[in-house]
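**Q** Shown below is the structure under consideration.
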Amino acid sequence: MASGSPPDATVASGAPAGYEISVCTGEGARYRALAGDVSAGLRSVPKELPPKLFYDDEGCRLFGAITRLDEYYLTRREHEILRRVAPEIVALSGAGTLVELGSGFSDKTRLLLDAMAAAGTLEGFVPFDVNETALRAAAAAAAEAYPGAATHGVVGEFGADLRSIPRVDRRLVALLGGTIGNFSGPERRKFLAEIAGLSSVGETFLLGADLVKDRSRLLAAYDDAAGVTAAFNRNILRVINRRLDADFEPLRFTHVATYDDDTQWIEMWLRSEGAQEVHVRRLDLRVSFDDGEAMRTEISAKFRPHQISDELAAAGFAVLGQWLDGAGDFSLTLARRADRSPP
């Protein structure tokens, strides 16, 4: 792995020996982006909030709890596939460095890193995440587990900071967990094209995607009986209260999950219980909610296997392999950056 910092990033001080941490954007710029996103979202019709706000420390903790719920099959199914085919993915990719987008605590990634280490090809690991706490934990754990590999964590956001990921030879870029579903169709096409544009010819991309299935199972995965997903959803309001001095009362909003057959996506909403007004003091913004008015906080698109292959091909990738779990719930698709521009 190449030494030095990625462009347009600063290396954080205090990282223990064995790994680096780069922070792409300063606190002031992150605050301005947050303020702009929240201001625009609360003025839109319908109101909406960006899902990146979910992942403060408490949100990461709650999401970890979600992945262990009976209803939330996605993580278990992806683990099942990786346990079965990680060595095959590593062999097909020929990669020496694994770049994980939206890494969180990088639990599933260990299966790929272990396979790379067993094959004798592991040279580096680059976790990339918006949450610095989770990113530091993932980098520290990887540096300890794989001392012969260069670990370089990057704190950043998909929309602004992908160019700050270190450019090294033989990268496998992974986006796991069904995160691709959080993008609408146009956003997804733009994102995949950006990944292709930042990849050298021959580099590989591994994409985890949730598949279309029975509506009742989809809805249960996003509205569990224990209410963990509801707490996760409401936590976004606490983030805004803390960061922007707002006075949302989270318990006056009900978590709602819906599924749209036409778009093939889950939508998560927060529905106002009663008419209310919220003051976001740092934005000098007062926002009124009608009784029953819903504010969207996330979409999670579901796919058919051929759709994933088609979208990757349109972005400039050639599919090398696609694997499903035994129940046909989830998919992993490995693609190589083609030697041509997308149409």
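Residues are named by chain letter and number: chains run A, B, ... in the order of the structure tokens, numbers start at 1 in each chain, and ligands are numbered from 1 in the order shown.
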Tell me, counting only C-alpha atoms, for each residue of region 131-237 of chain A within 6 Å of region 287-304 of chain A, which pair of atoms is nearest and how far apart they are in Å to one decimal, in rows ordered by chain and increasing number, as CSV.

**A**
residue,atom,partner,partner_atom,distance
A:Gly181,CA,A:Ala301,CA,4.1
A:Asn182,CA,A:Ser300,CA,4.8
A:Asp210,CA,A:Lys302,CA,5.3
A:Leu211,CA,A:Phe303,CA,4.6
A:Val212,CA,A:Lys302,CA,5.1

**Q** Residues near Phe183 (chain A), anyone? I mean within 12 Å using only C-alpha atoms, not counting same-chain ones fewer than 4 positions away, as a PyMOL selection string.

**A** chain A and resi 50-52+158-159+178-179+187-192+209+263+265-267+298-302

**Q** Could you save the residues just selected, with N, CA and C atoms, as a compact mmCIF listing (two decimals), in the first residue's frame?

**A**
# COMPACT_ATOMS: atom_id res chain seq x y z
N PRO A 50 -31.63 13.36 5.62
CA PRO A 50 -30.66 12.45 5.00
C PRO A 50 -30.29 11.32 5.94
N PRO A 51 -30.26 10.07 5.45
CA PRO A 51 -30.00 8.93 6.33
C PRO A 51 -28.60 8.92 6.93
N LYS A 52 -27.66 9.69 6.39
CA LYS A 52 -26.33 9.72 7.01
C LYS A 52 -26.40 10.23 8.45
N PHE A 158 -19.98 9.58 1.35
CA PHE A 158 -20.07 9.12 -0.03
C PHE A 158 -20.16 10.30 -1.00
N GLY A 159 -20.98 11.28 -0.66
CA GLY A 159 -21.28 12.34 -1.61
C GLY A 159 -20.13 13.28 -1.90
N GLY A 178 -26.23 -4.15 1.74
CA GLY A 178 -27.41 -3.58 1.08
C GLY A 178 -27.44 -2.07 1.08
N THR A 179 -26.31 -1.43 1.42
CA THR A 179 -26.26 0.04 1.49
C THR A 179 -26.61 0.68 0.16
N GLU A 187 -29.58 8.62 -8.22
CA GLU A 187 -28.43 8.70 -7.30
C GLU A 187 -27.55 7.47 -7.44
N ARG A 188 -28.18 6.31 -7.61
CA ARG A 188 -27.43 5.06 -7.71
C ARG A 188 -26.60 5.04 -8.99
N ARG A 189 -27.18 5.47 -10.09
CA ARG A 189 -26.43 5.50 -11.35
C ARG A 189 -25.24 6.44 -11.24
N LYS A 190 -25.44 7.58 -10.62
CA LYS A 190 -24.34 8.53 -10.44
C LYS A 190 -23.25 7.95 -9.54
N PHE A 191 -23.66 7.30 -8.46
CA PHE A 191 -22.71 6.73 -7.51
C PHE A 191 -21.89 5.61 -8.17
N LEU A 192 -22.54 4.69 -8.85
CA LEU A 192 -21.83 3.59 -9.49
C LEU A 192 -20.88 4.10 -10.57
N ALA A 209 -26.42 -6.59 -2.18
CA ALA A 209 -27.73 -6.01 -2.46
C ALA A 209 -28.83 -6.93 -1.96
N THR A 263 -41.54 1.09 -7.15
CA THR A 263 -40.13 1.47 -7.01
C THR A 263 -39.29 0.35 -6.42
N TRP A 265 -38.97 -0.35 -3.24
CA TRP A 265 -38.18 0.07 -2.10
C TRP A 265 -39.03 0.26 -0.85
N ILE A 266 -38.37 -0.02 0.25
CA ILE A 266 -38.89 0.31 1.58
C ILE A 266 -38.67 1.81 1.80
N GLU A 267 -39.63 2.44 2.46
CA GLU A 267 -39.44 3.81 2.92
C GLU A 267 -39.65 3.84 4.43
N GLU A 298 -35.49 7.51 5.19
CA GLU A 298 -34.65 6.56 4.46
C GLU A 298 -35.46 5.86 3.39
N ILE A 299 -34.79 5.53 2.27
CA ILE A 299 -35.31 4.53 1.34
C ILE A 299 -34.33 3.36 1.36
N SER A 300 -34.85 2.18 1.07
CA SER A 300 -33.99 1.00 0.96
C SER A 300 -34.51 0.16 -0.20
N ALA A 301 -33.89 0.37 -1.36
CA ALA A 301 -34.33 -0.31 -2.57
C ALA A 301 -33.98 -1.79 -2.53
N LYS A 302 -34.82 -2.59 -3.15
CA LYS A 302 -34.62 -4.02 -3.29
C LYS A 302 -34.47 -4.33 -4.79

**Q** Write out as a PyMOL selection string the residues lying within 7 Å of Gly202 (chain A), counting only C-alpha atoms and excluding same-chain residues fewer than 4 positions away.

**A** chain A and resi 336-338

**Q** Tell me, as JSON, numbers by chain, which residues lie within 12 Å of Thr204 (chain A), counting only C-alpha atoms; anything in the same chain fewer than 5 positions away does not count.

**A** {"A": [89, 90, 91, 92, 93, 94, 95, 96, 97, 98, 99, 169, 170, 171, 172, 173, 174, 175, 195, 196, 198, 199, 312, 316, 317, 318, 319, 320, 321, 333, 334, 335, 336, 337, 338]}

**Q** Select from region 67-313 of chain A everything DSSP, run on the backbone, classes as helix (DSSP H, G or I), then give the selection as a PyMOL selection string.

**A** chain A and resi 67+74-93+109-119+132-145+158-164+179-182+185-197+215-221+228-244+250-252+281-283+305-313
